[in-house]
>>> print(open('final_1.txt').read())   # compact mmCIF, N, CA and C atoms
# COMPACT_ATOMS: atom_id res chain seq x y z
N MET A 1 74.72 121.00 84.06
CA MET A 1 73.37 121.49 83.80
C MET A 1 72.42 120.83 84.80
N GLU A 2 71.57 121.65 85.39
CA GLU A 2 70.57 121.17 86.35
C GLU A 2 69.35 120.64 85.59
N ASN A 3 68.64 119.69 86.19
CA ASN A 3 67.40 119.15 85.62
C ASN A 3 66.24 119.41 86.56
N ILE A 4 65.13 119.87 86.01
CA ILE A 4 63.92 120.10 86.80
C ILE A 4 62.73 119.58 86.01
N THR A 5 61.84 118.89 86.71
CA THR A 5 60.58 118.43 86.11
C THR A 5 59.46 119.28 86.70
N LEU A 6 58.64 119.86 85.83
CA LEU A 6 57.53 120.71 86.25
C LEU A 6 56.24 120.15 85.67
N GLU A 7 55.21 120.11 86.49
CA GLU A 7 53.90 119.69 86.00
C GLU A 7 52.87 120.73 86.45
N TYR A 8 52.25 121.37 85.47
CA TYR A 8 51.22 122.37 85.74
C TYR A 8 49.87 121.69 85.58
N THR A 9 49.03 121.81 86.61
CA THR A 9 47.74 121.14 86.58
C THR A 9 46.61 122.07 86.14
N THR A 10 46.82 123.38 86.25
CA THR A 10 45.78 124.33 85.84
C THR A 10 46.40 125.45 85.00
N ASP A 11 45.58 126.05 84.15
CA ASP A 11 46.04 127.19 83.37
C ASP A 11 46.43 128.36 84.27
N HIS A 12 45.72 128.54 85.37
CA HIS A 12 46.00 129.64 86.30
C HIS A 12 47.39 129.46 86.93
N GLU A 13 47.71 128.25 87.32
CA GLU A 13 49.03 127.96 87.89
C GLU A 13 50.12 128.27 86.86
N LEU A 14 49.89 127.90 85.61
CA LEU A 14 50.84 128.18 84.53
C LEU A 14 50.96 129.68 84.30
N TYR A 15 49.84 130.38 84.29
CA TYR A 15 49.83 131.84 84.10
C TYR A 15 50.69 132.54 85.15
N LEU A 16 50.57 132.11 86.40
CA LEU A 16 51.33 132.75 87.47
C LEU A 16 52.84 132.58 87.29
N SER A 17 53.26 131.52 86.61
CA SER A 17 54.68 131.21 86.45
C SER A 17 55.27 131.66 85.12
N TYR A 18 54.43 131.87 84.12
CA TYR A 18 54.94 132.17 82.78
C TYR A 18 55.49 133.59 82.71
N MET A 19 56.60 133.76 81.99
CA MET A 19 57.27 135.04 81.86
C MET A 19 57.27 135.46 80.38
N PRO A 20 56.14 136.02 79.88
CA PRO A 20 56.03 136.35 78.46
C PRO A 20 56.88 137.54 78.04
N PHE A 21 57.35 138.33 78.99
CA PHE A 21 58.12 139.52 78.68
C PHE A 21 59.56 139.19 78.29
N LEU A 22 59.97 137.93 78.44
CA LEU A 22 61.30 137.52 77.99
C LEU A 22 61.27 137.23 76.49
N LYS A 23 62.34 137.54 75.80
CA LYS A 23 62.38 137.42 74.34
C LYS A 23 61.88 136.06 73.85
N ASN A 24 62.34 134.97 74.45
CA ASN A 24 61.94 133.62 74.03
C ASN A 24 61.00 132.95 75.01
N GLY A 25 60.49 133.71 75.97
CA GLY A 25 59.62 133.15 77.01
C GLY A 25 60.44 132.60 78.16
N GLY A 26 59.76 132.22 79.21
CA GLY A 26 60.43 131.66 80.38
C GLY A 26 59.43 131.29 81.45
N LEU A 27 59.92 130.64 82.48
CA LEU A 27 59.08 130.21 83.60
C LEU A 27 59.74 130.57 84.92
N PHE A 28 58.91 130.97 85.87
CA PHE A 28 59.36 131.20 87.24
C PHE A 28 59.15 129.91 88.02
N ILE A 29 60.16 129.51 88.77
CA ILE A 29 60.09 128.27 89.54
C ILE A 29 60.29 128.60 91.00
N ARG A 30 59.32 128.24 91.82
CA ARG A 30 59.45 128.46 93.26
C ARG A 30 60.50 127.51 93.82
N THR A 31 61.46 128.08 94.52
CA THR A 31 62.50 127.28 95.18
C THR A 31 63.20 128.13 96.22
N THR A 32 63.64 127.50 97.28
CA THR A 32 64.45 128.19 98.28
C THR A 32 65.94 127.91 98.06
N GLU A 33 66.24 127.03 97.09
CA GLU A 33 67.64 126.78 96.74
C GLU A 33 68.21 128.03 96.08
N GLU A 34 69.49 128.24 96.28
CA GLU A 34 70.14 129.41 95.69
C GLU A 34 70.89 129.00 94.43
N PHE A 35 70.66 129.76 93.36
CA PHE A 35 71.34 129.55 92.09
C PHE A 35 71.90 130.88 91.62
N ASP A 36 72.88 130.81 90.76
CA ASP A 36 73.49 132.01 90.21
C ASP A 36 72.82 132.36 88.88
N ILE A 37 72.79 133.66 88.57
CA ILE A 37 72.36 134.10 87.25
C ILE A 37 73.23 133.37 86.22
N GLY A 38 72.59 132.85 85.18
CA GLY A 38 73.32 132.16 84.12
C GLY A 38 73.39 130.64 84.28
N THR A 39 72.99 130.11 85.45
CA THR A 39 72.97 128.66 85.63
C THR A 39 72.02 128.05 84.62
N GLU A 40 72.48 127.01 83.91
CA GLU A 40 71.65 126.38 82.88
C GLU A 40 70.82 125.24 83.44
N PHE A 41 69.62 125.11 82.88
CA PHE A 41 68.67 124.09 83.29
C PHE A 41 68.09 123.36 82.09
N ARG A 42 67.79 122.10 82.27
CA ARG A 42 66.97 121.35 81.32
C ARG A 42 65.63 121.15 82.04
N LEU A 43 64.59 121.73 81.47
CA LEU A 43 63.26 121.63 82.07
C LEU A 43 62.42 120.62 81.31
N GLU A 44 61.79 119.71 82.03
CA GLU A 44 60.79 118.80 81.48
C GLU A 44 59.46 119.35 81.98
N VAL A 45 58.67 119.91 81.08
CA VAL A 45 57.45 120.63 81.46
C VAL A 45 56.22 119.93 80.90
N THR A 46 55.29 119.63 81.80
CA THR A 46 54.00 119.08 81.39
C THR A 46 52.95 120.16 81.62
N LEU A 47 52.28 120.54 80.55
CA LEU A 47 51.25 121.57 80.61
C LEU A 47 49.91 120.96 80.99
N PRO A 48 48.96 121.78 81.46
CA PRO A 48 47.63 121.25 81.79
C PRO A 48 47.03 120.52 80.58
N ASP A 49 46.46 119.37 80.83
CA ASP A 49 45.79 118.55 79.80
C ASP A 49 46.74 117.97 78.75
N ALA A 50 48.05 118.10 78.92
CA ALA A 50 49.01 117.52 77.97
C ALA A 50 49.22 116.04 78.28
N LEU A 51 49.43 115.27 77.24
CA LEU A 51 49.66 113.84 77.40
C LEU A 51 51.13 113.52 77.65
N GLU A 52 52.01 114.41 77.22
CA GLU A 52 53.43 114.19 77.46
C GLU A 52 54.12 115.52 77.72
N SER A 53 55.33 115.42 78.25
CA SER A 53 56.07 116.63 78.60
C SER A 53 56.84 117.16 77.40
N SER A 54 57.27 118.40 77.51
CA SER A 54 58.13 119.05 76.52
C SER A 54 59.42 119.43 77.21
N THR A 55 60.50 119.43 76.45
CA THR A 55 61.81 119.77 77.00
C THR A 55 62.26 121.12 76.47
N VAL A 56 62.81 121.92 77.36
CA VAL A 56 63.38 123.21 76.98
C VAL A 56 64.65 123.42 77.79
N ILE A 57 65.63 124.03 77.16
CA ILE A 57 66.87 124.40 77.85
C ILE A 57 66.78 125.89 78.15
N GLY A 58 67.17 126.25 79.37
CA GLY A 58 67.11 127.66 79.75
C GLY A 58 68.21 128.00 80.73
N LYS A 59 68.23 129.28 81.10
CA LYS A 59 69.20 129.72 82.09
C LYS A 59 68.55 130.70 83.04
N VAL A 60 69.09 130.76 84.24
CA VAL A 60 68.55 131.65 85.27
C VAL A 60 68.79 133.09 84.86
N CYS A 61 67.69 133.86 84.85
CA CYS A 61 67.77 135.28 84.49
C CYS A 61 67.09 136.15 85.54
N TRP A 62 66.49 135.54 86.55
CA TRP A 62 65.70 136.28 87.54
C TRP A 62 65.86 135.57 88.88
N LEU A 63 66.09 136.32 89.92
CA LEU A 63 66.18 135.76 91.27
C LEU A 63 65.24 136.51 92.19
N THR A 64 64.44 135.77 92.92
CA THR A 64 63.65 136.34 94.01
C THR A 64 64.11 135.65 95.28
N PRO A 65 64.84 136.35 96.13
CA PRO A 65 65.39 135.73 97.33
C PRO A 65 64.32 135.48 98.39
N ARG A 66 64.66 134.61 99.33
CA ARG A 66 63.77 134.39 100.47
C ARG A 66 63.57 135.71 101.20
N GLY A 67 62.34 135.96 101.63
CA GLY A 67 62.06 137.17 102.39
C GLY A 67 61.99 138.43 101.55
N ALA A 68 61.70 138.30 100.27
CA ALA A 68 61.60 139.48 99.40
C ALA A 68 60.55 140.44 99.95
N ASN A 69 60.83 141.73 99.86
CA ASN A 69 59.94 142.76 100.43
C ASN A 69 58.56 142.78 99.82
N ASN A 70 58.43 142.38 98.56
CA ASN A 70 57.12 142.47 97.92
C ASN A 70 56.22 141.28 98.24
N GLY A 71 56.70 140.35 99.07
CA GLY A 71 55.88 139.23 99.51
C GLY A 71 55.77 138.08 98.52
N THR A 72 56.47 138.16 97.40
CA THR A 72 56.42 137.06 96.45
C THR A 72 57.29 135.91 96.95
N PRO A 73 56.96 134.69 96.54
CA PRO A 73 57.73 133.54 97.01
C PRO A 73 59.14 133.53 96.42
N ALA A 74 60.05 132.91 97.14
CA ALA A 74 61.42 132.76 96.66
C ALA A 74 61.43 131.88 95.42
N GLY A 75 62.34 132.18 94.51
CA GLY A 75 62.45 131.35 93.32
C GLY A 75 63.37 131.94 92.28
N ILE A 76 63.37 131.28 91.12
CA ILE A 76 64.22 131.68 90.01
C ILE A 76 63.40 131.76 88.73
N GLY A 77 63.79 132.68 87.88
CA GLY A 77 63.19 132.78 86.55
C GLY A 77 64.14 132.14 85.56
N ILE A 78 63.60 131.25 84.74
CA ILE A 78 64.39 130.57 83.72
C ILE A 78 63.99 131.11 82.35
N SER A 79 64.94 131.68 81.64
CA SER A 79 64.72 132.19 80.29
C SER A 79 64.99 131.06 79.30
N PHE A 80 64.06 130.81 78.38
CA PHE A 80 64.24 129.75 77.39
C PHE A 80 65.35 130.15 76.41
N ILE A 81 66.31 129.24 76.19
CA ILE A 81 67.36 129.52 75.21
C ILE A 81 67.38 128.47 74.08
N GLU A 82 66.82 127.29 74.34
CA GLU A 82 66.71 126.26 73.31
C GLU A 82 65.36 125.59 73.46
N ASP A 83 64.45 125.86 72.53
CA ASP A 83 63.06 125.45 72.66
C ASP A 83 62.62 124.66 71.42
N LYS A 84 63.20 123.48 71.24
CA LYS A 84 62.92 122.65 70.06
C LYS A 84 61.48 122.16 70.02
N ASP A 85 60.84 122.01 71.18
CA ASP A 85 59.45 121.55 71.24
C ASP A 85 58.45 122.70 71.12
N ASN A 86 58.94 123.92 70.92
CA ASN A 86 58.08 125.11 70.84
C ASN A 86 57.19 125.26 72.07
N LEU A 87 57.80 125.09 73.23
CA LEU A 87 57.06 125.19 74.48
C LEU A 87 56.42 126.56 74.64
N ARG A 88 57.14 127.62 74.25
CA ARG A 88 56.56 128.96 74.38
C ARG A 88 55.23 129.04 73.63
N SER A 89 55.18 128.54 72.41
CA SER A 89 53.93 128.57 71.63
C SER A 89 52.85 127.73 72.29
N GLN A 90 53.23 126.58 72.83
CA GLN A 90 52.27 125.72 73.52
C GLN A 90 51.67 126.43 74.73
N ILE A 91 52.54 127.12 75.49
CA ILE A 91 52.08 127.84 76.68
C ILE A 91 51.13 128.95 76.28
N GLU A 92 51.51 129.74 75.29
CA GLU A 92 50.68 130.88 74.89
C GLU A 92 49.34 130.41 74.31
N LYS A 93 49.34 129.30 73.63
CA LYS A 93 48.08 128.74 73.13
C LYS A 93 47.21 128.28 74.30
N ALA A 94 47.81 127.63 75.28
CA ALA A 94 47.06 127.14 76.45
C ALA A 94 46.48 128.30 77.26
N LEU A 95 47.25 129.38 77.39
CA LEU A 95 46.81 130.51 78.22
C LEU A 95 45.82 131.42 77.51
N GLY A 96 45.92 131.52 76.20
CA GLY A 96 44.96 132.33 75.44
C GLY A 96 44.74 133.70 76.04
N ARG A 97 43.49 133.98 76.40
CA ARG A 97 43.12 135.32 76.91
C ARG A 97 43.72 135.63 78.27
N LEU A 98 44.15 134.62 79.01
CA LEU A 98 44.78 134.88 80.31
C LEU A 98 46.03 135.75 80.16
N LEU A 99 46.68 135.69 79.00
CA LEU A 99 47.88 136.50 78.78
C LEU A 99 47.62 137.99 78.91
N ASN A 100 46.38 138.41 78.70
CA ASN A 100 46.01 139.83 78.79
C ASN A 100 45.48 140.20 80.17
N SER A 101 45.53 139.28 81.11
CA SER A 101 45.00 139.51 82.45
C SER A 101 45.84 140.58 83.17
N SER A 102 45.19 141.33 84.03
CA SER A 102 45.92 142.31 84.84
C SER A 102 46.30 141.73 86.21
N GLU A 103 45.96 140.46 86.45
CA GLU A 103 46.31 139.81 87.71
C GLU A 103 47.82 139.70 87.82
N ALA A 104 48.35 140.03 88.98
CA ALA A 104 49.79 139.94 89.21
C ALA A 104 50.26 138.49 89.13
N THR A 105 51.47 138.31 88.61
CA THR A 105 52.06 136.99 88.54
C THR A 105 53.13 136.87 89.63
N LEU A 106 53.88 135.78 89.62
CA LEU A 106 54.92 135.61 90.63
C LEU A 106 56.15 136.45 90.35
N THR A 107 56.19 137.10 89.17
CA THR A 107 57.35 137.92 88.84
C THR A 107 57.02 139.40 88.67
N MET A 108 55.88 139.71 88.08
CA MET A 108 55.53 141.12 87.84
C MET A 108 54.05 141.34 88.07
>>> encode(input="final_1.txt", output="structure tokens")
Amino acid sequence: MENITLEYTTDHELYLSYMPFLKNGGLFIRTTEEFDIGTEFRLEVTLPDALESSTVIGKVCWLTPRGANNGTPAGIGISFIEDKDNLRSQIEKALGRLLNSSEATLTM
């Protein structure tokens, strides 16, 4: 299992990475490293204004390769599969009305 530490400093940065269309939520992570669909990750995520990080287990469900035609950065989408800290709820509470924004994200 891979480990990644993420720290979001602004709600906008979090909004661009959050994947609410996944059943249990997920995050897009910019990276040029190549991973396979299904690779498992342990994410340590610190949200804007949070005093401590939350842990979530996920797996790769989305790949954006280097040089993608739509101009989005290379990276992977991690779908949450074990969310004991209720990170999805924390993210959605932090983002509030931003979730209804029509601004494009890093995935859609």
>>> residues_near_point(input="final_1.txt", point="(71.7, 131.6, 86.1)", cutoff="6 Å", atoms="all atoms listed in the file", output="PyMOL selection string")
chain A and resi 35-40+59-61
>>> closest_atom_pairs(input="final_1.txt", of="segment 62-86 of chain A", to="segment 6-29 of chain A", cutoff="7 Å", atoms="only N, CA and C atoms", output="Markdown table")
| residue | atom | partner | partner_atom | distance |
| --- | --- | --- | --- | --- |
| A:Ala74 | C | A:Ile29 | C | 5.6 |
| A:Gly75 | CA | A:Ile29 | C | 4.2 |
| A:Ile76 | C | A:Ile29 | N | 3.9 |
| A:Gly77 | CA | A:Phe28 | CA | 4.2 |
| A:Ile78 | N | A:Leu27 | C | 3.9 |
| A:Ser79 | CA | A:Gly26 | CA | 4.3 |
| A:Phe80 | N | A:Gly25 | C | 4.0 |
| A:Ile81 | N | A:Asn24 | CA | 6.6 |
>>> residues_around(input="final_1.txt", residues="segment 63-73 of chain A", least_positions_apart="5", cutoff="7 Å", atoms="all atoms listed in the file", output="PyMOL selection string")
chain A and resi 30-32+106
>>> atom_distance(input="final_1.txt", atom1="atom CA of Ser53 of chain A", atom2="atom CA of Glu92 of chain A")
15.7 Å
>>> atom_distance(input="final_1.txt", atom1="atom CA of Ala50 of chain A", atom2="atom CA of Leu87 of chain A")
11.7 Å
>>> atom_distance(input="final_1.txt", atom1="atom N of Gln90 of chain A", atom2="atom C of Arg42 of chain A")
16.4 Å
>>> select_by_dssp(input="final_1.txt", residues="segment 31-102 of chain A", states="strand (DSSP E or B)", output="number ranges by chain")
A: 40-46, 54-64, 75-82
>>> residues_around(input="final_1.txt", residues="Val56 of chain A", least_positions_apart="3", cutoff="6 Å", atoms="only C-alpha atoms", output="VMD selection string")
chain A and resid 42 to 43 82 to 83
>>> write_last_selection(input="final_1.txt", atoms="N, CA and C atoms", output="PDB file, keeping the file's coordinate frame")
ATOM      1  N   ARG A  42      67.790 122.100  82.270  1.00  0.00           N
ATOM      2  CA  ARG A  42      66.970 121.350  81.320  1.00  0.00           C
ATOM      3  C   ARG A  42      65.630 121.150  82.040  1.00  0.00           C
ATOM      4  N   LEU A  43      64.590 121.730  81.470  1.00  0.00           N
ATOM      5  CA  LEU A  43      63.260 121.630  82.070  1.00  0.00           C
ATOM      6  C   LEU A  43      62.420 120.620  81.310  1.00  0.00           C
ATOM      7  N   GLU A  82      66.820 127.290  74.340  1.00  0.00           N
ATOM      8  CA  GLU A  82      66.710 126.260  73.310  1.00  0.00           C
ATOM      9  C   GLU A  82      65.360 125.590  73.460  1.00  0.00           C
ATOM     10  N   ASP A  83      64.450 125.860  72.530  1.00  0.00           N
ATOM     11  CA  ASP A  83      63.060 125.450  72.660  1.00  0.00           C
ATOM     12  C   ASP A  83      62.620 124.660  71.420  1.00  0.00           C
TER      13      ASP A  83
END
>>> select_by_dssp(input="final_1.txt", residues="chain A", states="alpha helix (DSSP H)", output="VMD selection string")
chain A and resid 11 to 17 87 to 95
>>> write_last_selection(input="final_1.txt", atoms="N, CA and C atoms", output="PDB file, in the coordinates of the input")
ATOM      1  N   ASP A  11      45.580 126.050  84.150  1.00  0.00           N
ATOM      2  CA  ASP A  11      46.040 127.190  83.370  1.00  0.00           C
ATOM      3  C   ASP A  11      46.430 128.360  84.270  1.00  0.00           C
ATOM      4  N   HIS A  12      45.720 128.540  85.370  1.00  0.00           N
ATOM      5  CA  HIS A  12      46.000 129.640  86.300  1.00  0.00           C
ATOM      6  C   HIS A  12      47.390 129.460  86.930  1.00  0.00           C
ATOM      7  N   GLU A  13      47.710 128.250  87.320  1.00  0.00           N
ATOM      8  CA  GLU A  13      49.030 127.960  87.890  1.00  0.00           C
ATOM      9  C   GLU A  13      50.120 128.270  86.860  1.00  0.00           C
ATOM     10  N   LEU A  14      49.890 127.900  85.610  1.00  0.00           N
ATOM     11  CA  LEU A  14      50.840 128.180  84.530  1.00  0.00           C
ATOM     12  C   LEU A  14      50.960 129.680  84.300  1.00  0.00           C
ATOM     13  N   TYR A  15      49.840 130.380  84.290  1.00  0.00           N
ATOM     14  CA  TYR A  15      49.830 131.840  84.100  1.00  0.00           C
ATOM     15  C   TYR A  15      50.690 132.540  85.150  1.00  0.00           C
ATOM     16  N   LEU A  16      50.570 132.110  86.400  1.00  0.00           N
ATOM     17  CA  LEU A  16      51.330 132.750  87.470  1.00  0.00           C
ATOM     18  C   LEU A  16      52.840 132.580  87.290  1.00  0.00           C
ATOM     19  N   SER A  17      53.260 131.520  86.610  1.00  0.00           N
ATOM     20  CA  SER A  17      54.680 131.210  86.450  1.00  0.00           C
ATOM     21  C   SER A  17      55.270 131.660  85.120  1.00  0.00           C
ATOM     22  N   LEU A  87      57.800 125.090  73.230  1.00  0.00           N
ATOM     23  CA  LEU A  87      57.060 125.190  74.480  1.00  0.00           C
ATOM     24  C   LEU A  87      56.420 126.560  74.640  1.00  0.00           C
ATOM     25  N   ARG A  88      57.140 127.620  74.250  1.00  0.00           N
ATOM     26  CA  ARG A  88      56.560 128.960  74.380  1.00  0.00           C
ATOM     27  C   ARG A  88      55.230 129.040  73.630  1.00  0.00           C
ATOM     28  N   SER A  89      55.180 128.540  72.410  1.00  0.00           N
ATOM     29  CA  SER A  89      53.930 128.570  71.630  1.00  0.00           C
ATOM     30  C   SER A  89      52.850 127.730  72.290  1.00  0.00           C
ATOM     31  N   GLN A  90      53.230 126.580  72.830  1.00  0.00           N
ATOM     32  CA  GLN A  90      52.270 125.720  73.520  1.00  0.00           C
ATOM     33  C   GLN A  90      51.670 126.430  74.730  1.00  0.00           C
ATOM     34  N   ILE A  91      52.540 127.120  75.490  1.00  0.00           N
ATOM     35  CA  ILE A  91      52.080 127.840  76.680  1.00  0.00           C
ATOM     36  C   ILE A  91      51.130 128.950  76.280  1.00  0.00           C
ATOM     37  N   GLU A  92      51.510 129.740  75.290  1.00  0.00           N
ATOM     38  CA  GLU A  92      50.680 130.880  74.890  1.00  0.00           C
ATOM     39  C   GLU A  92      49.340 130.410  74.310  1.00  0.00           C
ATOM     40  N   LYS A  93      49.340 129.300  73.630  1.00  0.00           N
ATOM     41  CA  LYS A  93      48.080 128.740  73.130  1.00  0.00           C
ATOM     42  C   LYS A  93      47.210 128.280  74.300  1.00  0.00           C
ATOM     43  N   ALA A  94      47.810 127.630  75.280  1.00  0.00           N
ATOM     44  CA  ALA A  94      47.060 127.140  76.450  1.00  0.00           C
ATOM     45  C   ALA A  94      46.480 128.300  77.260  1.00  0.00           C
ATOM     46  N   LEU A  95      47.250 129.380  77.390  1.00  0.00           N
ATOM     47  CA  LEU A  95      46.810 130.510  78.220  1.00  0.00           C
ATOM     48  C   LEU A  95      45.820 131.420  77.510  1.00  0.00           C
TER      49      LEU A  95
END
